[in-house]
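Working notes for the structure below.
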Amino acid sequence: MMATMNMIQALNSAMDVMLARDPDVLVFGEDVGFFGGVFRATEGLQKKHGLERCFDTPIAEGGLIGVAVGMGAYGLRPVVEIQFADYIYPAYDQIVSEVARLRYRSAGQFTAPMTIRAPYGGGIFGGQTHSQSPEALFTHVAGLKVVIPSNPHDAKGLLISAIEDDDPVIFLEPKRIYNGPFDGHHDRPISPWAKHPASAVPEDYYTVAIGEAAILRAGEQVTILAYGTMVHVVLAAVEESGLDAEVLDLRTIWPVDIDAIVASVRKTGRCVIVHEATRTSGFGAELTALIQERCFYHLEAPIERVAGWDTPYPHAFEWEYFPGPDRVAAALRRTVDAHG
Amino acid sequence: MMATMNMIQALNSAMDVMLARDPDVLVFGEDVGFFGGVFRATEGLQKKHGLERCFDTPIAEGGLIGVAVGMGAYGLRPVVEIQFADYIYPAYDQIVSEVARLRYRSAGQFTAPMTIRAPYGGGIFGGQTHSQSPEALFTHVAGLKVVIPSNPHDAKGLLISAIEDDDPVIFLEPKRIYNGPFDGHHDRPISPWAKHPASAVPEDYYTVAIGEAAILRAGEQVTILAYGTMVHVVLAAVEESGLDAEVLDLRTIWPVDIDAIVASVRKTGRCVIVHEATRTSGFGAELTALIQERCFYHLEAPIERVAGWDTPYPHAFEWEYFPGPDRVAAALRRTVDAHG
Amino acid sequence: MTATQRPTVAKATPARQASRPNALSLRIPEPRARPGEMLDFGNLRLSRGSAVERPAIDVQAHEIRDLAYGLIRVLDDDGQAVGPWAPALDTQSLRDGLRWMMLTRAYDERMYRAQRQGKTSFYMKCAGEEAVAVAQALALAPDDMCFPTYRQQGLLIARGYPLVEMMNQVLSNALDPLKGRQLPVLYSSRDYGVFTISGNLGTQFIQAVGWAMASAYKHDRRIAAAWIGDGSTAEGDFHHALTFASVYRAPVVLNVVNNQWAISSFHGIAGGGDSPFASRAIGYGLPALRVDGNDFLAVHAATAWAVERARANLGATLIEHVTYRAEGHSTSDDPSQYRPAGEAAGWPLGDPVARLSAHLVAIGEWSADRHEALRKELLETVRAAGKEAEAVGTLSTGSRPSVRTMFEDVYKDAPWHIREQRQQLGV
Amino acid sequence: MTATQRPTVAKATPARQASRPNALSLRIPEPRARPGEMLDFGNLRLSRGSAVERPAIDVQAHEIRDLAYGLIRVLDDDGQAVGPWAPALDTQSLRDGLRWMMLTRAYDERMYRAQRQGKTSFYMKCAGEEAVAVAQALALAPDDMCFPTYRQQGLLIARGYPLVEMMNQVLSNALDPLKGRQLPVLYSSRDYGVFTISGNLGTQFIQAVGWAMASAYKHDRRIAAAWIGDGSTAEGDFHHALTFASVYRAPVVLNVVNNQWAISSFHGIAGGGDSPFASRAIGYGLPALRVDGNDFLAVHAATAWAVERARANLGATLIEHVTYRAEGHSTSDDPSQYRPAGEAAGWPLGDPVARLSAHLVAIGEWSADRHEALRKELLETVRAAGKEAEAVGTLSTGSRPSVRTMFEDVYKDAPWHIREQRQQLGV
Ligand SMILES: Cc1ncc(C[n+]2csc(CCOP(=O)(O)OP(=O)(O)O)c2C)c(N)n1
Ligand SMILES: Cc1ncc(C[n+]2csc(CCOP(=O)(O)OP(=O)(O)O)c2C)c(N)n1
Ligand SMILES: [Mg+2]
Ligand SMILES: [Mg+2]
């Protein structure tokens, strides 16, 4: 049975399905219980599955991840919500030193198969502490997987895969597109998910594989790598620039779908990488390095990065900070025009 | 007056000089007071400058950095020690959300001019929690400077610069070379700093500027970028490979000396980057991206990264994990031999 | 005042039926009432004003552990100041306090509306909690350093920070002292002794201890004060603050503002059910005061005690202010989803403005007419300030800070990469 | 037992002379004695064995706050078990306890020497603290889950984990169950209910609470136990553990092993000066027991109480074990640099092995000869195990785990980048 869902509904449905299928799945975090989460992703789950299966926690991100480690060691599969990715840092020690390393240091005796959900990214006038994109702080940590969906269908399928995965998954949700795709044209009317094909979501169980990119548009002139909200911005920029670009939605950023990337860049010889995170040491740096190591002799132009500036995300300058379609289009043009 | 110092003595001397010059400088951290630190970097400072100027703290890295933020807001210049860089994560929220952003978010009203010293890196059989190189987790954070010395002379001069800097500085100390340079040949006799020219250190105040790389060896065939212990490994690899490499000791990794890097790579057309940190999303990724953006048409071979494997640092495999001179030399040879 | 109270009957925690005898089961705490249910404040530990002793400031912490479980109150039901904690505040101070609380409320109402009108993105009121910040501002010296959360706007108002400046911040306009960088209400004023408010909960608590340590190190006389919400006490920073304050005997007043809710989570989720937040201090050897946070005089008296103690180099005090968040968490919140509608009105400790006003009336220094006149005057003050600020600009219209400033203050001097990025944006 | 005690005269904290009257000053706590100074245990709160009541396990936490400040003791100076906490342990259990403590000590001595001989990189003893882990292992059920620090090797030994396996781990040889990945002494054994020990202090404390919550959620009967050092209580994880344990009433026994030192920092730097660590529990509404950690019977009795309480679904207990780290922090440490040489010998609570042995003698179940014979037997047991382990390999010689395994278990299945790196290394 298919239904039309926005991202929040799709995520909710994924947790609902997994709570029903697996008694070892628990959902918890700040405000996720009775209220259903500040973005309402867990709405109704406590009522349906019981107080003990979906509940509020104290405001202590390090505490709730620590608890999830212990639960994982017992044999449960916690799905925890960090209210905003900007608030994940108090849990950074538990994530880096414990969650990511449990399997390795215990030689497989203990594992922490948890899913850490966190809304991330800008575009909502959230200021510097409700807009961050910290994905690169996790891709550097061996033992973690990092997943970022860009539409309802993928969101549900990937979240189910994450919950079933025996490794810990950092599951970052682009909050700007919870309720509708957003192409960066903030001055145009908002479009709901219902008009987008990826809002057609099976009501039951299904998975989207972790580690596989989606080619959203085939093209010859340039490869664009993006994830999350930026996928929609990129598609708009491609359309507006009239270029024949190949657009990859990475979906899983680590371990990334290296084969899809290499195949595309070898074909186009040019590449632009787009993310919202601050540029320096962002995930675009790793992508650039991987590509130039593998496609050096195919590259006809420098790989460009379009990214957030190396400043905090300032409240008043949402659209000057946000890497919108104009900045992407300009980079595309530079890249396509470049020749040595 | 010059003296012969190892790195510990040079660091100690920097703090001693600054405690004497500036009553607003305080030194604190776990075990740094009466005992003088587990690596003895603060030995004698409490006795000489008084209990209140160099003291022990509770074991709470988040707490001691938090306290340093408040002291910075008051007008002091705290110099804090994190006993091992591996234990900096409990302070990550205070560093990312507070230390790095204080000036920005208060529009300059409040600043946190602190120096955070932390021994880092491997080569001492410290296992996975006494060997880490977390520098990239700080280069991604706007507002932080990251400094990594490779010898006693630079260590003292850079530490004084860091203490005097009005921005927060993450000061990572390659613990393997505290007592002598180490070229990665673990099976050869240990050489003390006294035999190395950089052990000649002025006893008094001097600075080495933050943001400036040092060209340790001029060369034409390939540029090598390194910092910390790896500088010595690289020099050995160059000598053993017989190649005419240009070796840059970055010293400050952020903001990095981009001019020196670009000038060198434009000249040689080839580049190898060496660090101990795990490879994926390590600082080598950012360096690679910066170089290919700026030197694309000068590059004759892919930029290579020689780095720690994407695993925790395993106790028994110190030398299989450590990127030693053989791995560096092999990368040099590949890079020099490469042609499209 | 306690009309809605009913006898204490603990609501049973629904627990899955244990499948085995003697099996363990998990307790998930729940509030006594949810939307549609009867109000129930039966677990609020109340004391009468005269019931709680006022010790000397140099008392040993362990001698006054009981104060963590009582409730310091001064104003009785007749509006009289009674008991050992009744402070010797002159009438002018009381009238000032009333004015600032009312000004805070009027300001909140205007800015809340401004957000609803699309003039800014976000706003947070402190309705019902005004006594905490205002009475404490009065008890602190003007140069003592404050480390507040987003819900102590009363500090700035009581210290005389210009309303227009506050509004400029909330509107992120061209005159915003924080240059449009911060979310509304995350003020900062070095000149008025208010530390830059963080979006990350809890961080300021330990920072205040550091500031106090610095002041002690410099043989200064200034002390620090910090605030944290009931929910946020669960963060590690809270523990760090108590630990460091105890170890270094830091001159700091540490305040827990227990307004019963942390967004949708009741105080029991933060661990306020089995032991009051004030009692956390006991284990660190710090004195704790639990105070009626809606009683202006009680808050003032408790704070003055802690301030005097800190200033005498006797170290930190933890004060729990028992109050109630009378409205939503923020403009993004809808509390009717998770708590009974009448809870604010039924709150047994009443409203701080009404209670202080009643006290002034009771002692013959105030009247309903003067109250109403003051209300109108303040409305006008706020309206005038609002006009002035909005004339400069709002988040959506008028003049904004220069985009160029977006790249400033990341570092003291912009490094090459920031300069390069500024040029890329063409500003 | 308390020969070196002298009257309590607090050592004055040297403070810079305040330059202004009434100026603040910073207190930096110092231990009562440093190398070369007279021993001073005057601030140790002792109680006699009969002085501390033993409440029913379903007591309300607030009724027994005093237990956080007393000291539960059972063995008196004559080696008799006295007072309400004297447990009904049969002789065989006592002899087992003695054996395991002695085996732990013998094991420690051998492995310490192995490190000195270059056979491994690092080692940590628990000399003087053996009663904590061993008596607690006895009081817990074998399938209760332990979350220890690096200083509870006695847990594994008392649970019968093979010595050779422990040695293989310390030597990082080919049979190391952790494949050479962990620093020596950071054991892990799922089969024996011992969680993988972290190099990062404190993290396990809250994890144990999570495990206990899981057990409660599954209506299991197993409980969890966690240990943390006095120094490490300052970490946020400690506060998280107490908060979550209180909120969800988790079936867990939370132990603070107060061995007076954290490397070179005395317990006062962790905030143990103004209030005992046990008292931290009070503010969370959790019961606290403070126990003579060198008194095997007292540790057992206190633990049994907490275990019974947790198993009855009454929630968590915090136990502070007052003990003494009789030797260096680790093989990297030299305690003579920062504490008086005779402090261990002068420790008022004596040595746990000697005290349990004396008790068995006093009740006619042991003798000096049997003690000596056991010591020799255990020495031989350890020697034989050591030979066996070293025959496999040490960190520097013999056979090591396959290098290939370095790339395993980062993830369940190695992704492309890990496979690629393994190929690069050619393994
Ligand atoms: C570290 C962190 N975690 C989560 C949040 C999201 N958040 C903002 S306010 C809030 C509730 C705080 O409640 P409380 O401390 O009781 O303060 P109150 O709002 O009641 O004044 C939460 C969870 C945050 N800002 N920072
Ligand atoms: C997060 C963290 N910070 C610092 C350290 C370094 N360190 C290792 S042991 C130790 C002292 C711990 O003292 P305590 O908790 O009292 O335990 P004890 O060694 O006395 O058993 C320190 C500071 C660490 N391992 N982890
Ligand atoms: Mg609250
Ligand atoms: Mg200790």
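We name chains A, B, ... following the order of the structure tokens; residues begin at 1 in each chain, and ligands are numbered from 1 as shown.
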
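Excluding Ile57 (chain D) and any residue on its chain fewer than 2 positions from it, the residues at most 7 Å away by only C-alpha atoms are Pro55, Val59, Trp305 and Arg309 of chain D.
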
Please produce a file of the residues just selected, as a PDB file, in the first residue's frame, where the atoms kept are N, CA and C atoms.
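The new file selection.pdb reads:
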ATOM      1  N   PRO D  55      19.426  -0.542  57.289  1.00  0.00           N
ATOM      2  CA  PRO D  55      17.993  -0.386  57.055  1.00  0.00           C
ATOM      3  C   PRO D  55      17.440  -1.534  56.224  1.00  0.00           C
ATOM      4  N   VAL D  59      13.675   0.759  52.263  1.00  0.00           N
ATOM      5  CA  VAL D  59      13.674   2.067  52.915  1.00  0.00           C
ATOM      6  C   VAL D  59      13.613   3.165  51.860  1.00  0.00           C
ATOM      7  N   TRP D 305      23.221  -5.609  49.994  1.00  0.00           N
ATOM      8  CA  TRP D 305      22.040  -4.766  50.263  1.00  0.00           C
ATOM      9  C   TRP D 305      21.585  -4.075  48.978  1.00  0.00           C
ATOM     10  N   ARG D 309      18.203  -4.719  46.750  1.00  0.00           N
ATOM     11  CA  ARG D 309      17.306  -3.581  46.478  1.00  0.00           C
ATOM     12  C   ARG D 309      17.049  -3.435  44.966  1.00  0.00           C
TER      13      ARG D 309
END

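For region 86-240 of chain A, backbone-based DSSP assignment of strand (DSSP E or B) covers Thr115, Ile116, Arg117, Ala118, Pro119, Tyr120, Lys145, Val146, Val147, Val169, Ile170, Phe171, Leu172, Glu173, Pro174, Ala200, Val201, Pro202, Ala214, Ile215, Leu216, Arg217, Val222, Thr223, Ile224, Leu225 and Ala226 of chain A.
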
Can you tell me which residues surround region 201-215 of chain B at a distance of at most 6 Å, considering only C-alpha atoms, apart from same-chain residues fewer than 3 positions away, and format the answer as a list in words?
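Close residues of region 201-215 of chain B: Met1, Met2, Ala3, His153, Gly157, Leu158, Ile160, Ser161, Val247, Leu248, Asp249, Leu250, Arg251, Thr252, Pro255, Val256 and Asp257 of chain B.
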
With only C-alpha atoms considered, list every residue of chain A at most 9 Å from chain D, as number ranges by chain.
A: 24, 52-53, 57-58, 60, 62-76, 93-94, 97-98, 100-110, 142-145, 166-168, 255, 258

Given the selection you just returned, output its residues as a file containing C-alpha atoms, formatted as a short mmCIF file (atom, residue, chain, number, x, y, z; two decimals), in the first residue's frame.
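Output file again05.cif is given in full below:
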data_model
loop_
_atom_site.label_atom_id
_atom_site.label_comp_id
_atom_site.auth_asym_id
_atom_site.auth_seq_id
_atom_site.Cartn_x
_atom_site.Cartn_y
_atom_site.Cartn_z
CA ASP A 24 14.15 -4.73 20.81
CA GLU A 52 8.41 2.17 27.64
CA ARG A 53 9.03 2.00 23.92
CA THR A 57 14.86 11.64 28.34
CA PRO A 58 16.62 14.17 30.51
CA ALA A 60 21.77 15.31 28.52
CA GLY A 62 25.92 12.46 26.50
CA GLY A 63 23.66 10.68 28.91
CA LEU A 64 21.17 9.46 26.41
CA ILE A 65 23.81 8.18 24.03
CA GLY A 66 25.58 6.55 26.97
CA VAL A 67 22.38 4.82 27.91
CA ALA A 68 21.95 3.67 24.31
CA VAL A 69 25.43 2.11 24.41
CA GLY A 70 24.46 0.08 27.45
CA MET A 71 21.20 -0.94 25.83
CA GLY A 72 23.06 -1.94 22.69
CA ALA A 73 25.40 -4.06 24.78
CA TYR A 74 22.35 -5.75 26.28
CA GLY A 75 20.98 -6.51 22.85
CA LEU A 76 18.50 -3.76 22.11
CA ASP A 93 32.87 11.59 23.61
CA GLN A 94 30.32 8.80 23.92
CA SER A 97 35.17 6.91 22.07
CA GLU A 98 32.41 4.41 22.71
CA ALA A 100 32.17 3.97 17.16
CA ARG A 101 34.73 1.70 18.81
CA LEU A 102 32.79 -0.81 20.83
CA ARG A 103 32.92 -3.59 18.25
CA TYR A 104 36.58 -3.05 17.47
CA ARG A 105 37.93 -2.79 20.97
CA SER A 106 35.94 -5.75 22.25
CA ALA A 107 36.81 -7.82 19.18
CA GLY A 108 33.15 -8.14 18.38
CA GLN A 109 31.93 -9.11 21.87
CA PHE A 110 29.93 -5.93 22.31
CA ALA A 142 36.22 5.10 12.01
CA GLY A 143 33.32 2.84 12.88
CA LEU A 144 30.43 5.19 12.10
CA LYS A 145 28.16 5.25 9.11
CA ASP A 166 24.45 -3.84 13.07
CA ASP A 167 26.76 -0.82 13.02
CA PRO A 168 25.98 2.57 14.53
CA PRO A 255 30.98 4.72 3.45
CA ILE A 258 32.83 5.43 -4.52
#

Could you list, as an NGL selection string, all the residues within 9 Å of ligand 2, counting only C-alpha atoms and all ligand atoms?
(:A and (93)) or (:B and (30-31 or 58-61 or 82-84 or 86-90 or 129-130)) or (:D and (124 or 126 or 149-152 or 198-203 or 228-235 or 256-267 or 270 or 324-325 or 329-330))

For chain B, work out the contacting residues on chain A at 9 Å, counting only C-alpha atoms, and write them as a PyMOL selection string.
chain A and resi 62+86-94+96-97+101+104-105+128-129+134+136-143+278-290+292-297+301-305+310-312+314+339-340

Show me which bits of chain D are within 7 Å of chain C, counting only C-alpha atoms, as a PyMOL selection string.
chain D and resi 18+23-29+213+216-217+219-221+234+236+239-240+243+246-249+269+271+274-275+279-285+313

Got a sec: who's within 9 Å of region 10-21 of chain A, counting only C-alpha atoms, leaving out chain neighbours fewer than 4 positions off, as a ChimeraX atom specification?
/A:4-6,25-27,40-45,48-49,53,79,151-160,163-164,199,201,203-206

Take the residues from that selection and write them out as a compact mmCIF listing (two decimals), in the first residue's frame, keeping N, CA, C and O atoms.
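Everything below was put into out-v8.txt:
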# COMPACT_ATOMS: atom_id res chain seq x y z
N THR A 4 0.93 9.00 0.44
CA THR A 4 1.70 10.21 0.18
C THR A 4 2.20 10.75 1.52
O THR A 4 1.42 10.98 2.43
N MET A 5 3.48 10.89 1.63
CA MET A 5 4.05 11.32 2.92
C MET A 5 5.06 12.43 2.71
O MET A 5 5.77 12.46 1.71
N ASN A 6 5.12 13.32 3.69
CA ASN A 6 6.26 14.24 3.74
C ASN A 6 7.38 13.53 4.51
O ASN A 6 7.23 12.37 4.93
N VAL A 25 13.52 -2.79 19.53
CA VAL A 25 13.67 -1.40 19.10
C VAL A 25 13.01 -0.47 20.11
O VAL A 25 11.87 -0.69 20.51
N LEU A 26 13.76 0.53 20.56
CA LEU A 26 13.24 1.57 21.46
C LEU A 26 13.50 2.92 20.82
O LEU A 26 14.51 3.10 20.15
N VAL A 27 12.63 3.86 21.07
CA VAL A 27 12.80 5.21 20.54
C VAL A 27 12.80 6.19 21.70
O VAL A 27 11.87 6.17 22.52
N ARG A 40 7.90 16.69 15.52
CA ARG A 40 6.77 15.75 15.47
C ARG A 40 7.10 14.44 14.75
O ARG A 40 6.19 13.73 14.32
N ALA A 41 8.38 14.09 14.68
CA ALA A 41 8.75 12.87 13.97
C ALA A 41 8.30 11.61 14.71
O ALA A 41 8.16 10.55 14.12
N THR A 42 8.11 11.72 16.01
CA THR A 42 7.71 10.53 16.79
C THR A 42 6.27 10.62 17.26
O THR A 42 5.86 9.89 18.16
N GLU A 43 5.53 11.50 16.66
CA GLU A 43 4.14 11.71 17.07
C GLU A 43 3.34 10.40 17.05
O GLU A 43 3.39 9.64 16.09
N GLY A 44 2.65 10.17 18.13
CA GLY A 44 1.76 9.01 18.20
C GLY A 44 2.44 7.70 18.54
O GLY A 44 1.76 6.72 18.84
N LEU A 45 3.76 7.67 18.52
CA LEU A 45 4.44 6.38 18.73
C LEU A 45 4.31 5.91 20.18
O LEU A 45 4.16 4.71 20.44
N LYS A 48 0.82 4.55 20.68
CA LYS A 48 0.59 3.29 19.99
C LYS A 48 1.41 2.14 20.55
O LYS A 48 0.91 1.03 20.71
N HIS A 49 2.68 2.40 20.87
CA HIS A 49 3.57 1.29 21.25
C HIS A 49 3.86 1.21 22.74
O HIS A 49 4.49 0.26 23.19
N ARG A 53 8.40 2.21 25.22
CA ARG A 53 9.03 2.00 23.92
C ARG A 53 9.34 3.30 23.21
O ARG A 53 10.05 3.31 22.21
N VAL A 79 16.87 3.72 18.95
CA VAL A 79 16.80 4.78 17.95
C VAL A 79 16.65 6.07 18.75
O VAL A 79 15.62 6.29 19.38
N ASN A 151 14.66 12.84 0.53
CA ASN A 151 13.23 12.82 0.19
C ASN A 151 12.52 11.76 1.04
O ASN A 151 13.17 10.92 1.67
N PRO A 152 11.20 11.81 1.08
CA PRO A 152 10.45 10.91 1.97
C PRO A 152 10.71 9.43 1.68
O PRO A 152 10.89 8.64 2.61
N HIS A 153 10.72 9.04 0.43
CA HIS A 153 10.89 7.63 0.12
C HIS A 153 12.23 7.12 0.64
O HIS A 153 12.32 6.08 1.30
N ASP A 154 13.27 7.84 0.33
CA ASP A 154 14.58 7.42 0.81
C ASP A 154 14.65 7.50 2.34
O ASP A 154 15.27 6.65 2.99
N ALA A 155 14.05 8.53 2.90
CA ALA A 155 14.12 8.73 4.35
C ALA A 155 13.60 7.49 5.08
O ALA A 155 14.24 6.97 5.99
N LYS A 156 12.46 7.00 4.65
CA LYS A 156 11.90 5.83 5.34
C LYS A 156 12.76 4.59 5.09
O LYS A 156 13.12 3.87 6.03
N GLY A 157 13.07 4.36 3.83
CA GLY A 157 13.84 3.15 3.51
C GLY A 157 15.22 3.16 4.14
O GLY A 157 15.72 2.12 4.61
N LEU A 158 15.85 4.31 4.17
CA LEU A 158 17.18 4.39 4.78
C LEU A 158 17.10 4.29 6.30
O LEU A 158 17.97 3.70 6.93
N LEU A 159 16.06 4.87 6.88
CA LEU A 159 15.97 4.80 8.35
C LEU A 159 15.73 3.35 8.78
O LEU A 159 16.32 2.89 9.77
N ILE A 160 14.93 2.64 8.05
CA ILE A 160 14.74 1.22 8.39
C ILE A 160 16.07 0.46 8.23
O ILE A 160 16.45 -0.32 9.10
N ILE A 163 18.22 1.31 11.23
CA ILE A 163 17.80 0.64 12.47
C ILE A 163 18.21 -0.83 12.43
O ILE A 163 18.65 -1.39 13.44
N GLU A 164 18.13 -1.44 11.27
CA GLU A 164 18.50 -2.86 11.16
C GLU A 164 20.00 -3.07 11.05
O GLU A 164 20.47 -4.20 11.22
N SER A 199 7.36 11.45 -2.77
CA SER A 199 6.46 11.42 -1.62
C SER A 199 5.57 10.18 -1.64
O SER A 199 4.82 9.93 -0.71
N VAL A 201 5.21 6.71 -0.82
CA VAL A 201 5.98 5.89 0.13
C VAL A 201 5.15 4.66 0.50
O VAL A 201 3.99 4.80 0.89
N GLU A 203 3.52 1.99 2.75
CA GLU A 203 3.16 2.09 4.17
C GLU A 203 3.87 1.06 5.01
O GLU A 203 4.07 1.25 6.20
N ASP A 204 4.25 -0.06 4.38
CA ASP A 204 4.87 -1.13 5.15
C ASP A 204 6.39 -1.06 5.11
O ASP A 204 6.97 -0.08 4.70
N TYR A 205 6.95 -2.17 5.50
CA TYR A 205 8.40 -2.31 5.59
C TYR A 205 9.04 -2.33 4.20
O TYR A 205 8.57 -3.03 3.30
N TYR A 206 10.08 -1.57 4.02
CA TYR A 206 10.97 -1.71 2.85
C TYR A 206 12.27 -1.04 3.21
O TYR A 206 12.34 -0.28 4.19

Enumerate, as an NGL selection string, the complete set of residues in region 14-142 of chain A that a backbone-based DSSP assignment places in alpha helix (DSSP H).
:A and (14-21 or 45-49 or 61-74 or 92-93 or 102-105 or 136-139)
